[in-house]
$ cat final.txt   # compact mmCIF, C-alpha atoms
# COMPACT_ATOMS: atom_id res chain seq x y z
CA MET A 262 18.36 37.93 22.12
CA GLU A 263 14.65 37.20 21.85
CA HIS A 264 13.42 36.31 18.45
CA SER A 265 10.21 38.27 18.90
CA ALA A 266 12.02 41.61 19.02
CA ILE A 267 11.75 41.77 15.26
CA ASN A 268 8.00 42.27 15.87
CA VAL A 269 8.86 45.84 16.83
CA PHE A 270 8.99 46.70 13.12
CA PHE A 271 5.39 45.70 12.60
CA ALA A 272 3.85 46.76 15.90
CA GLY A 273 1.41 49.65 15.45
CA ASN A 274 2.51 51.87 12.59
CA ASN A 275 6.23 51.65 13.38
CA PHE A 276 7.34 50.64 9.91
CA ALA A 277 5.29 53.40 8.28
CA ARG A 278 6.79 55.92 10.70
CA ILE A 279 10.34 54.83 9.89
CA LEU A 280 9.62 55.25 6.19
CA GLN A 281 8.13 58.65 6.92
CA GLY A 282 11.34 59.62 8.72
CA LEU A 283 13.34 58.33 5.77
CA TRP A 284 11.25 60.53 3.47
CA THR A 285 12.17 63.60 5.56
CA SER A 286 15.86 62.74 5.15
CA VAL A 287 15.43 62.12 1.42
CA TRP A 288 13.62 65.35 0.57
CA ILE A 289 16.06 67.45 2.57
CA ALA A 290 18.96 65.74 0.76
CA ALA A 291 17.30 66.13 -2.66
CA LEU A 292 16.38 69.79 -2.23
CA SER A 293 19.82 70.67 -0.82
CA LEU A 294 21.47 68.91 -3.74
CA LEU A 295 19.29 70.69 -6.27
CA ILE A 296 20.00 74.15 -4.84
CA GLY A 297 23.65 73.33 -4.16
CA LEU A 298 24.32 72.02 -7.67
CA VAL A 299 22.79 75.08 -9.36
CA LEU A 300 24.66 77.51 -7.08
CA GLY A 301 27.83 75.41 -7.32
CA THR A 302 27.74 75.48 -11.14
CA LEU A 303 27.55 79.28 -11.09
CA LEU A 304 30.40 79.56 -8.57
CA GLY A 305 32.43 77.00 -10.52
CA ILE A 306 32.08 79.02 -13.75
CA LEU A 307 33.07 82.21 -11.89
CA ARG A 308 36.19 80.42 -10.62
CA THR A 309 37.41 79.79 -14.16
CA LEU A 310 37.21 83.48 -15.08
CA PRO A 311 40.40 85.56 -14.96
CA ASN A 312 39.15 88.03 -12.28
CA LYS A 313 41.54 87.54 -9.34
CA THR A 314 39.34 89.07 -6.61
CA ILE A 315 36.36 86.84 -7.42
CA ARG A 316 38.61 83.81 -7.57
CA PHE A 317 40.15 84.61 -4.22
CA ILE A 318 36.79 85.13 -2.51
CA LEU A 319 35.37 81.92 -3.95
CA ARG A 320 38.48 79.99 -3.00
CA ALA A 321 38.12 81.26 0.58
CA TYR A 322 34.44 80.23 0.50
CA LEU A 323 35.47 76.71 -0.56
CA GLU A 324 38.21 76.46 2.07
CA PHE A 325 35.79 77.53 4.83
CA PHE A 326 33.53 74.60 4.01
CA ARG A 327 36.55 72.29 3.70
CA ILE A 328 37.66 73.17 7.22
CA VAL A 329 34.39 73.29 9.15
CA PRO A 330 32.80 69.87 9.78
CA THR A 331 29.22 69.56 8.50
CA ILE A 332 27.89 68.96 12.00
CA VAL A 333 29.33 72.34 13.03
CA LEU A 334 27.80 74.00 9.94
CA LEU A 335 24.39 72.73 11.01
CA TYR A 336 24.85 74.15 14.50
CA LEU A 337 26.13 77.47 13.12
CA VAL A 338 22.93 77.91 11.12
CA TYR A 339 20.77 76.52 13.92
CA TYR A 340 22.07 78.94 16.55
CA ILE A 341 23.04 82.04 14.57
CA LEU A 342 19.89 82.45 12.43
CA PRO A 343 17.36 82.74 15.27
CA ARG A 344 19.59 84.20 18.00
CA SER A 345 21.65 86.78 16.13
CA LEU A 346 19.66 87.43 12.96
CA HIS A 347 16.18 86.82 14.44
CA ILE A 348 15.16 84.57 11.58
CA ASN A 349 12.86 81.85 12.90
CA TRP A 350 12.78 79.18 10.25
CA PRO A 351 11.71 75.58 10.77
CA ALA A 352 14.75 73.38 11.49
CA SER A 353 14.35 71.54 8.17
CA TRP A 354 14.79 74.79 6.21
CA MET A 355 17.92 75.58 8.21
CA ALA A 356 19.29 72.15 7.33
CA VAL A 357 18.55 72.78 3.64
CA LEU A 358 20.37 76.13 3.89
CA ALA A 359 23.45 74.62 5.58
CA PHE A 360 23.62 71.63 3.22
CA SER A 361 23.02 73.75 0.08
CA LEU A 362 25.87 76.10 0.91
CA TRP A 363 28.16 73.16 1.68
CA VAL A 364 27.19 71.34 -1.56
CA SER A 365 27.67 74.54 -3.59
CA ALA A 366 31.20 74.95 -2.23
CA GLU A 367 32.22 71.35 -2.92
CA PHE A 368 30.50 71.33 -6.31
CA SER A 369 32.11 74.62 -7.40
CA ASP A 370 35.48 72.87 -7.17
CA ILE A 371 34.23 69.86 -9.14
CA VAL A 372 32.84 72.16 -11.87
CA ARG A 373 36.03 74.22 -12.02
CA GLY A 374 38.15 71.09 -12.34
CA ALA A 375 35.90 69.66 -15.04
CA ILE A 376 35.79 72.88 -17.09
CA GLU A 377 39.58 73.16 -16.90
CA SER A 378 40.02 69.60 -18.08
CA VAL A 379 37.95 70.10 -21.24
CA PRO A 380 40.64 70.12 -23.99
CA VAL A 381 41.72 73.67 -24.77
CA THR A 382 41.21 73.06 -28.50
CA GLN A 383 37.47 72.85 -27.81
CA LYS A 384 37.50 76.35 -26.36
CA GLU A 385 39.64 77.67 -29.20
CA SER A 386 37.44 76.06 -31.84
CA GLY A 387 34.41 77.69 -30.25
CA GLN A 388 36.13 81.05 -30.22
CA ALA A 389 37.16 80.58 -33.86
CA LEU A 390 33.49 80.00 -34.71
CA GLY A 391 32.76 83.38 -33.15
CA LEU A 392 30.91 82.14 -30.04
CA SER A 393 30.46 84.67 -27.24
CA ALA A 394 31.69 83.82 -23.73
CA SER A 395 28.21 82.77 -22.59
CA GLN A 396 27.67 80.71 -25.75
CA LEU A 397 31.03 79.07 -25.19
CA PHE A 398 29.99 77.94 -21.71
CA ARG A 399 26.44 77.03 -22.71
CA TYR A 400 27.21 74.98 -25.85
CA VAL A 401 30.83 73.86 -25.56
CA LEU A 402 32.32 73.80 -22.05
CA LEU A 403 29.43 72.98 -19.71
CA PRO A 404 27.99 70.01 -21.66
CA GLN A 405 31.41 68.36 -21.77
CA ALA A 406 32.25 69.33 -18.20
CA MET A 407 28.96 67.85 -16.97
CA GLN A 408 29.84 64.50 -18.44
CA LEU A 409 33.29 64.60 -16.85
CA GLU A 410 31.96 65.63 -13.44
CA LEU A 411 29.07 63.15 -13.27
CA PRO A 412 30.87 60.47 -11.17
CA ALA A 413 32.08 63.07 -8.66
CA THR A 414 28.57 64.57 -8.54
CA ILE A 415 27.02 61.19 -7.73
CA ASN A 416 29.64 60.65 -5.03
CA LEU A 417 28.79 64.05 -3.57
CA ALA A 418 25.11 63.00 -3.55
CA THR A 419 25.96 59.85 -1.56
CA ARG A 420 27.82 62.03 0.94
CA VAL A 421 24.84 64.37 1.31
CA ILE A 422 22.55 61.38 1.92
CA LYS A 423 24.92 60.04 4.59
CA THR A 424 25.11 63.49 6.16
CA THR A 425 21.32 63.56 6.61
CA SER A 426 22.01 61.25 9.56
CA LEU A 427 22.94 64.46 11.43
CA LEU A 428 19.47 66.00 11.02
CA MET A 429 18.20 64.60 14.32
CA LEU A 430 20.83 66.71 16.10
CA ILE A 431 18.92 69.88 15.27
CA SER A 432 15.65 68.20 16.36
CA ILE A 433 14.37 67.21 12.92
CA MET A 434 12.24 64.06 12.97
CA ASP A 435 14.40 62.12 10.53
CA VAL A 436 14.66 58.35 10.27
CA ILE A 437 17.10 58.09 13.20
CA ALA A 438 15.07 60.31 15.54
CA ILE A 439 11.97 58.22 14.84
CA GLY A 440 14.02 55.06 15.34
CA GLN A 441 15.09 56.37 18.76
CA GLN A 442 11.47 57.05 19.72
CA ILE A 443 10.46 53.52 18.76
CA ILE A 444 13.41 52.08 20.70
CA GLU A 445 12.51 54.07 23.81
CA ALA A 446 8.82 53.15 23.59
CA ASN A 447 9.62 49.42 23.32
CA ASN A 448 12.59 49.24 25.67
CA GLN A 449 10.66 47.48 28.44
CA GLN A 450 9.03 44.85 26.29
CA TYR A 451 11.84 44.27 23.80
CA PRO A 452 15.28 45.26 25.14
CA SER A 453 16.90 44.13 21.89
CA ALA A 454 14.76 46.47 19.77
CA VAL A 455 17.75 48.83 19.64
CA PHE A 456 19.69 46.21 17.70
CA TRP A 457 16.97 45.69 15.10
CA ILE A 458 15.99 49.31 14.64
CA TYR A 459 19.55 50.64 14.22
CA GLY A 460 20.30 47.59 12.07
CA LEU A 461 17.35 48.43 9.83
CA ILE A 462 18.39 52.08 9.53
CA PHE A 463 21.97 50.99 8.71
CA ILE A 464 20.59 48.79 5.92
CA LEU A 465 18.25 51.52 4.64
CA TYR A 466 21.17 53.95 4.24
CA PHE A 467 23.22 51.24 2.54
CA ALA A 468 20.33 50.38 0.21
CA ILE A 469 20.18 53.99 -1.00
CA ASP A 470 23.90 54.78 -1.17
CA TYR A 471 25.38 51.53 -2.47
CA PRO A 472 23.65 51.57 -5.90
CA LEU A 473 24.66 55.22 -6.32
CA SER A 474 28.35 54.54 -5.49
CA LEU A 475 28.32 51.54 -7.82
CA TRP A 476 26.91 53.72 -10.60
CA ALA A 477 29.58 56.39 -10.00
CA LYS A 478 32.33 53.77 -10.06
CA ARG A 479 31.08 52.27 -13.34
CA LEU A 480 30.89 55.71 -14.97
CA ALA A 481 34.38 56.63 -13.79
CA ALA A 482 35.78 53.34 -15.13
CA LYS A 483 34.06 53.93 -18.48
CA GLN A 484 35.56 57.41 -18.75
CA LYS A 485 39.05 56.10 -18.11
CA ARG A 486 38.86 53.77 -21.10
CA MET B 31 30.32 88.83 21.53
CA SER B 32 32.27 88.94 24.76
CA TRP B 33 36.01 88.35 25.06
CA GLN B 34 35.68 87.41 28.69
CA ILE B 35 33.39 84.49 27.84
CA ILE B 36 35.92 83.34 25.24
CA THR B 37 39.01 83.56 27.43
CA GLN B 38 37.25 81.84 30.32
CA SER B 39 36.34 78.90 28.10
CA LEU B 40 39.84 78.45 26.65
CA PRO B 41 41.18 75.96 29.24
CA ILE B 42 38.13 73.74 28.66
CA PHE B 43 38.55 74.00 24.91
CA LEU B 44 42.25 73.20 25.18
CA LYS B 45 41.44 69.85 26.79
CA ALA B 46 38.89 69.12 24.06
CA PHE B 47 41.44 70.20 21.44
CA GLU B 48 43.97 67.68 22.77
CA LEU B 49 41.36 64.94 22.79
CA THR B 50 40.30 65.69 19.20
CA LEU B 51 43.97 65.61 18.13
CA TRP B 52 44.64 62.38 19.97
CA LEU B 53 41.53 60.61 18.65
CA SER B 54 42.29 61.84 15.11
CA CYS B 55 45.90 60.61 15.25
CA VAL B 56 45.00 57.17 16.57
CA GLY B 57 42.11 56.91 14.13
CA ILE B 58 44.18 57.96 11.11
CA VAL B 59 47.18 55.71 11.88
CA CYS B 60 44.96 52.65 12.45
CA SER B 61 42.86 53.49 9.37
CA ILE B 62 45.98 53.64 7.20
CA LEU B 63 47.13 50.25 8.53
CA VAL B 64 43.70 48.67 7.96
CA GLY B 65 43.57 50.32 4.53
CA ILE B 66 46.99 49.06 3.42
CA ILE B 67 46.31 45.51 4.57
CA THR B 68 42.83 45.50 3.01
CA SER B 69 44.01 46.86 -0.32
CA LEU B 70 46.98 44.45 -0.50
CA VAL B 71 44.65 41.51 0.20
CA GLN B 72 42.39 42.77 -2.58
CA TYR B 73 45.30 43.47 -4.95
CA PHE B 74 46.65 39.93 -4.66
CA LYS B 75 43.09 38.58 -4.83
CA VAL B 76 43.43 36.43 -1.71
CA PRO B 77 40.53 33.94 -1.90
CA ILE B 78 37.57 34.36 0.50
CA LEU B 79 39.31 37.04 2.61
CA GLY B 80 39.38 39.34 -0.43
CA ARG B 81 35.62 38.91 -0.87
CA VAL B 82 34.92 39.48 2.81
CA LEU B 83 36.97 42.68 2.78
CA THR B 84 35.17 43.93 -0.32
CA VAL B 85 31.86 43.56 1.52
CA TYR B 86 33.39 45.37 4.50
CA VAL B 87 34.62 48.27 2.35
CA GLU B 88 31.22 48.73 0.68
CA LEU B 89 29.30 48.50 3.97
CA ALA B 90 31.54 50.99 5.72
CA ARG B 91 31.72 53.48 2.85
CA ASN B 92 28.00 53.56 2.16
CA THR B 93 26.63 54.12 5.66
CA PRO B 94 26.93 57.18 7.93
CA LEU B 95 29.44 57.19 10.79
CA LEU B 96 26.68 58.34 13.15
CA ILE B 97 24.64 55.17 12.70
CA GLN B 98 27.82 53.05 12.92
CA LEU B 99 28.60 54.69 16.26
CA PHE B 100 25.02 54.28 17.54
CA PHE B 101 25.21 50.63 16.60
CA LEU B 102 28.51 50.14 18.45
CA TYR B 103 27.53 52.18 21.47
CA TYR B 104 23.84 51.34 21.98
CA ALA B 105 23.18 48.09 20.11
CA PHE B 106 26.32 46.07 20.88
CA PRO B 107 25.71 45.99 24.66
CA VAL B 108 22.50 44.05 23.88
CA ILE B 109 24.63 41.18 22.55
CA GLY B 110 26.96 41.52 25.53
CA LEU B 111 29.67 43.78 24.08
CA LYS B 112 29.92 46.87 26.23
CA MET B 113 32.65 49.37 25.38
CA SER B 114 33.43 52.88 26.59
CA ALA B 115 32.40 55.79 24.36
CA GLN B 116 36.00 56.52 23.33
CA VAL B 117 36.69 52.92 22.38
CA CYS B 118 33.47 52.90 20.32
CA GLY B 119 34.53 56.16 18.70
CA ILE B 120 37.94 54.87 17.67
CA ILE B 121 36.54 51.55 16.42
CA GLY B 122 33.86 53.37 14.44
CA LEU B 123 36.33 55.82 12.94
CA VAL B 124 38.76 53.05 11.97
CA PHE B 125 35.90 50.94 10.55
CA LEU B 126 34.96 53.89 8.33
CA GLY B 127 38.46 55.24 7.69
CA GLY B 128 40.01 51.84 6.92
CA ALA B 129 37.49 51.37 4.12
CA TYR B 130 38.14 54.82 2.65
CA MET B 131 41.90 54.30 2.86
CA ALA B 132 41.61 50.85 1.26
CA GLU B 133 39.65 52.38 -1.61
CA GLY B 134 42.34 55.04 -2.06
CA PHE B 135 45.25 52.59 -2.01
CA THR B 136 43.43 50.19 -4.35
CA GLY B 137 43.03 53.08 -6.80
CA GLY B 138 46.73 53.88 -6.47
CA PHE B 139 47.88 50.28 -6.96
CA ALA B 140 45.59 49.95 -9.99
CA GLY B 141 47.33 52.99 -11.46
CA VAL B 142 50.74 51.30 -11.55
CA SER B 143 51.20 50.48 -15.21
CA PRO B 144 51.23 46.77 -16.10
CA SER B 145 54.48 47.24 -18.02
CA GLN B 146 56.18 48.11 -14.71
CA ILE B 147 55.12 44.76 -13.32
CA ASP B 148 56.25 42.97 -16.49
CA ASP B 149 59.62 44.72 -16.23
CA GLY B 150 59.91 43.56 -12.63
CA LYS B 151 59.10 40.00 -13.60
CA ALA B 152 61.64 40.17 -16.44
CA LEU B 153 64.24 41.12 -13.83
CA GLY B 154 63.32 37.94 -11.98
CA MET B 155 61.44 39.47 -9.04
CA ASN B 156 59.03 37.31 -7.06
CA ASP B 157 55.57 38.48 -5.91
CA LEU B 158 56.84 39.83 -2.62
CA GLN B 159 59.67 41.76 -4.26
CA LEU B 160 57.25 43.11 -6.86
CA ALA B 161 54.98 44.35 -4.11
CA ARG B 162 57.83 45.81 -2.07
CA TYR B 163 59.90 47.47 -4.81
CA VAL B 164 57.50 48.11 -7.71
CA VAL B 165 53.81 48.20 -6.79
CA PHE B 166 53.95 49.70 -3.32
CA PRO B 167 56.24 52.72 -3.86
CA GLN B 168 54.52 53.81 -7.05
CA GLY B 169 51.03 52.91 -5.87
CA PHE B 170 51.59 54.82 -2.66
CA ALA B 171 52.67 57.93 -4.56
CA LEU B 172 49.65 57.61 -6.84
CA SER B 173 47.26 57.25 -3.90
CA MET B 174 48.67 60.29 -2.08
CA PRO B 175 45.85 62.67 -3.15
CA ALA B 176 43.25 60.18 -1.87
CA LEU B 177 45.25 59.64 1.31
CA ALA B 178 45.41 63.39 1.94
CA ALA B 179 41.67 63.83 1.34
CA ASN B 180 40.93 60.93 3.69
CA ILE B 181 43.12 62.31 6.48
CA ILE B 182 41.28 65.65 6.36
CA PHE B 183 37.94 63.84 6.15
CA LEU B 184 38.70 61.69 9.20
CA ILE B 185 39.78 64.65 11.34
CA LYS B 186 36.47 66.33 10.53
CA GLU B 187 34.53 63.13 11.20
CA THR B 188 35.71 63.14 14.83
CA SER B 189 33.10 65.90 15.31
CA ILE B 190 30.47 63.14 15.07
CA PHE B 191 31.90 61.65 18.27
CA SER B 192 29.92 64.37 20.03
CA VAL B 193 26.75 62.27 19.63
CA ILE B 194 28.06 59.57 21.96
CA ALA B 195 29.18 62.17 24.50
CA ILE B 196 32.95 62.01 23.90
CA PRO B 197 34.14 65.42 25.16
CA GLU B 198 35.97 66.42 21.97
CA LEU B 199 35.71 69.91 20.44
CA THR B 200 32.15 69.85 19.08
CA ASN B 201 30.72 68.13 22.14
CA THR B 202 32.47 70.61 24.43
CA ALA B 203 31.14 73.60 22.50
CA LEU B 204 27.59 72.23 22.61
CA ASP B 205 27.88 71.55 26.32
CA LEU B 206 29.03 75.12 26.97
CA ILE B 207 26.25 76.55 24.80
CA GLY B 208 23.73 74.45 26.72
CA MET B 209 25.05 75.67 30.05
CA TYR B 210 25.66 79.36 29.40
CA TYR B 211 23.47 80.13 26.38
CA ARG B 212 26.31 82.03 24.63
CA SER B 213 26.31 80.45 21.19
CA ASN B 214 28.26 83.04 19.14
CA GLU B 215 31.35 82.96 21.35
CA TYR B 216 31.61 79.20 21.68
CA LEU B 217 30.87 78.55 18.00
CA LEU B 218 33.60 81.03 17.04
CA VAL B 219 36.14 79.26 19.25
CA LEU B 220 34.98 75.93 17.81
CA VAL B 221 35.48 77.01 14.19
CA ILE B 222 38.87 78.54 14.98
CA ALA B 223 39.94 75.37 16.81
CA TYR B 224 39.17 73.26 13.73
CA ALA B 225 41.02 75.78 11.55
CA ILE B 226 44.09 75.58 13.84
CA ILE B 227 44.16 71.82 13.35
CA LEU B 228 43.19 71.63 9.68
CA VAL B 229 44.99 74.54 8.01
CA PRO B 230 48.51 73.26 8.86
CA VAL B 231 47.46 69.70 8.01
CA ILE B 232 46.12 70.79 4.61
CA LEU B 233 49.26 72.81 3.85
CA LEU B 234 51.54 69.95 4.93
CA LEU B 235 49.61 67.42 2.85
CA ASN B 236 49.74 69.70 -0.21
CA PHE B 237 53.50 69.93 0.23
CA VAL B 238 53.93 66.16 0.61
CA GLU B 239 51.66 65.58 -2.39
CA ARG B 240 53.89 67.75 -4.56
CA LYS B 241 57.02 65.96 -3.29
CA VAL B 242 55.87 62.39 -3.91
CA ARG B 243 54.59 63.18 -7.37
CA TYR B 244 58.14 62.40 -8.54
CA GLY B 245 57.64 58.87 -7.26
CA THR B 246 55.39 58.07 -10.19
CA PHE B 247 56.84 57.17 -13.54
CA GLY B 248 55.49 57.99 -16.96
CA ASN B 249 52.86 60.42 -15.69
$ encode --input "final.txt" --output "structure tokens"
Amino acid sequence: MEHSAINVFFAGNNFARILQGLWTSVWIAALSLLIGLVLGTLLGILRTLPNKTIRFILRAYLEFFRIVPTIVLLYLVYYILPRSLHINWPASWMAVLAFSLWVSAEFSDIVRGAIESVPVTQKESGQALGLSASQLFRYVLLPQAMQLELPATINLATRVIKTTSLLMLISIMDVIAIGQQIIEANNQQYPSAVFWIYGLIFILYFAIDYPLSLWAKRLAAKQKR
Amino acid sequence: MSWQIITQSLPIFLKAFELTLWLSCVGIVCSILVGIITSLVQYFKVPILGRVLTVYVELARNTPLLIQLFFLYYAFPVIGLKMSAQVCGIIGLVFLGGAYMAEGFTGGFAGVSPSQIDDGKALGMNDLQLARYVVFPQGFALSMPALAANIIFLIKETSIFSVIAIPELTNTALDLIGMYYRSNEYLLVLVIAYAIILVPVILLLNFVERKVRYGTFGN
């Protein structure tokens, strides 16, 4: 392997382009998380209510996303929106839609679990104080549930970040797609560029996800004590 | 939506279905083996090897399978290691799955209460007997929820094999869509195929999870 292949990073504006691709992945992940967490909180609250029909529908919604792989979700949105519904969005919006729905389903289960594990005396004390149902959620259940669900939420975020590696499949210029372009452009001069570029992208993903997983693990350990 | 398109594609999908099942089974079995060995090495704090495996677990868990596969399939030939797509797929899946399984088993072993181990020692058990009769059975039962989640996760992850042209379910559907431009039909078959695999697996795992819950003491 030639030593000079590492020069590929610094040739032209390659490094800047890789970072630009990374930014695309990051904003899609961040926006999907934001939308997904808000929607997921609402669905999670609905799942703790006694209404059987709503609970059944939301359970089915969750199971759909548990069964269908994320890559297939992306393709479902990518093909069905323009071809059957005649909605011509940019691919990045479609990715945000697919990821948000997926996050909301997963998060609804985390929220439900967390609300149910808040000690029942808390709920009863709130009711004894005369809090309405919405006050009970707003001031008693959700703040405590949020603390309980934080490690799982961070873990979900790391999964969303890892899943952004699929964006290139629906022709979004994410960090991997740009990496591929650089590899192809330099293949003649530096055949080992593929090793360095994919190695760099591997490390970039690790550099983002590892601190987050570590944080989640620490929080979970603290809660256990 | 046309039934004819669907029925005509079924033989092709059946082949892909078998391949997905086969790759999942091999991947899951090997991942469980790698996971058990890794977590036991970590549990008994084997010097050096324990550290190395910790680095492995963190690297594998915090990077996407897609980039792991690209690295195996496109970058490894540069250093003279050329493998077929399916071999790369299995190695990638086991690299990822072994780390997830190890994490699950480690969590389970950590959940075995220290008093159990003290009791074992008081009975005069050695390390190996402790592992075999005390830590492993209870730890395994405790790690069952994680094991079940990982099995489902790994089956779904085989869909990523499509990016290195392994003709499993997702790859087959995309190929058909590319050739015949009928996305609704093929995507429907694809989703149903995953449901046929995953629904029974999920139900079975739920059942097993309820059964082994009795294997844990004091919970």
$ closest_atom_pairs --input "final.txt" --of "chain A" --to "chain B" --cutoff "8 Å" --atoms "all atoms listed in the file" --output "tab-separated table"
residue	atom	partner	partner_atom	distance
A:Met262	CA	B:Ile109	CA	7.1
A:Ile328	CA	B:Ala225	CA	6.1
A:Val329	CA	B:Val221	CA	6.4
A:Pro330	CA	B:Lys186	CA	5.2
A:Ile332	CA	B:Ser189	CA	6.9
A:Val333	CA	B:Thr200	CA	7.1
A:Leu337	CA	B:Leu217	CA	6.9
A:Tyr340	CA	B:Ser213	CA	6.5
A:Ile341	CA	B:Asn214	CA	7.0
A:Thr419	CA	B:Asn92	CA	7.6
A:Lys423	CA	B:Pro94	CA	4.8
A:Thr424	CA	B:Pro94	CA	6.8
A:Ser426	CA	B:Leu96	CA	6.6
A:Leu427	CA	B:Leu96	CA	7.4
A:Pro452	CA	B:Val108	CA	7.4
A:Ser453	CA	B:Val108	CA	5.9
A:Val455	CA	B:Ala105	CA	5.5
A:Phe456	CA	B:Ala105	CA	4.6
A:Tyr459	CA	B:Phe101	CA	6.1
A:Gly460	CA	B:Phe101	CA	7.3
A:Ile462	CA	B:Ile97	CA	7.7
A:Phe463	CA	B:Ile97	CA	6.4
A:Tyr466	CA	B:Thr93	CA	5.6
A:Phe467	CA	B:Asn92	CA	5.3
A:Asp470	CA	B:Asn92	CA	5.4
A:Tyr471	CA	B:Asn92	CA	5.7
A:Ser474	CA	B:Asn92	CA	7.7
$ residues_near_point --input "final.txt" --point "(22.5, 73.9, -6.1)" --cutoff "10 Å" --atoms "only C-alpha atoms" --output "compact mmCIF listing (two decimals) with C-alpha atoms, in the coordinates of the input"
# COMPACT_ATOMS: atom_id res chain seq x y z
CA ALA A 291 17.30 66.13 -2.66
CA LEU A 292 16.38 69.79 -2.23
CA SER A 293 19.82 70.67 -0.82
CA LEU A 294 21.47 68.91 -3.74
CA LEU A 295 19.29 70.69 -6.27
CA ILE A 296 20.00 74.15 -4.84
CA GLY A 297 23.65 73.33 -4.16
CA LEU A 298 24.32 72.02 -7.67
CA VAL A 299 22.79 75.08 -9.36
CA LEU A 300 24.66 77.51 -7.08
CA GLY A 301 27.83 75.41 -7.32
CA THR A 302 27.74 75.48 -11.14
CA LEU A 303 27.55 79.28 -11.09
CA PHE A 360 23.62 71.63 3.22
CA SER A 361 23.02 73.75 0.08
CA LEU A 362 25.87 76.10 0.91
CA TRP A 363 28.16 73.16 1.68
CA VAL A 364 27.19 71.34 -1.56
CA SER A 365 27.67 74.54 -3.59
CA ALA A 366 31.20 74.95 -2.23
CA PHE A 368 30.50 71.33 -6.31
CA SER A 369 32.11 74.62 -7.40
$ residues_around --input "final.txt" --residues "segment 141-145 of chain B" --least-positions-apart "5" --cutoff "10 Å" --atoms "only C-alpha atoms" --output "JSON, numbers by chain"
{"B": [135, 136, 150, 151, 164, 165, 166, 167, 168, 169, 170, 171, 172, 173, 246, 247, 248]}
$ atom_distance --input "final.txt" --atom1 "atom CA of Ser32 of chain B" --atom2 "atom CA of Leu342 of chain A"
18.6 Å
$ atom_distance --input "final.txt" --atom1 "atom CA of Ser393 of chain A" --atom2 "atom CA of Phe317 of chain A"
25.0 Å
$ residues_around --input "final.txt" --residues "segment 234-244 of chain B" --least-positions-apart "6" --cutoff "7 Å" --atoms "all atoms listed in the file" --output "ChimeraX atom specification"
/B:171,174-175,178
$ write_last_selection --input "final.txt" --atoms "C-alpha atoms" --output "PDB file, in the frame of the given file"
ATOM      1  CA  ALA B 171      52.670  57.930  -4.560  1.00  0.00           C
ATOM      2  CA  MET B 174      48.670  60.290  -2.080  1.00  0.00           C
ATOM      3  CA  PRO B 175      45.850  62.670  -3.150  1.00  0.00           C
ATOM      4  CA  ALA B 178      45.410  63.390   1.940  1.00  0.00           C
TER       5      ALA B 178
END
$ axis_aligned_box --input "final.txt" --around "segment 48-67 of chain B" --padding-each-side "8 Å" --output "AutoDock Vina command-line options"
--center_x 43.7 --center_y 56.6 --center_z 13.1 --size_x 22.9 --size_y 38.2 --size_z 35.4
$ atom_distance --input "final.txt" --atom1 "atom CA of Pro472 of chain A" --atom2 "atom CA of Trp354 of chain A"
27.6 Å
$ residues_near_point --input "final.txt" --point "(46.6, 49.6, 4.2)" --cutoff "12 Å" --atoms "only C-alpha atoms" --output "JSON, numbers by chain"
{"B": [58, 59, 60, 61, 62, 63, 64, 65, 66, 67, 68, 69, 70, 71, 72, 73, 83, 124, 127, 128, 129, 130, 131, 132, 133, 134, 135, 136, 138, 139, 166, 169, 170, 173, 177]}
$ closest_residue --input "final.txt" --among "A:Val436, A:Ala375, A:Met429, A:Ala290" --to "Ala359 of chain A" --atoms "all atoms listed in the file"
A:Ala290
$ residues_around --input "final.txt" --residues "Ala394 of chain A" --least-positions-apart "5" --cutoff "12 Å" --atoms "only C-alpha atoms" --output "list of chain:residue names"
A:Ile306, A:Thr309, A:Leu310, A:Lys384, A:Glu385, A:Gly387, A:Gln388, A:Ala389, A:Arg399, A:Tyr400, A:Val401, A:Leu402, A:Leu403
$ residues_around --input "final.txt" --residues "Val287 of chain A" --least-positions-apart "6" --cutoff "10 Å" --atoms "all atoms listed in the file" --output "MDAnalysis selection string"
chainID A and resid 281 293 421:422 425 435:436 469
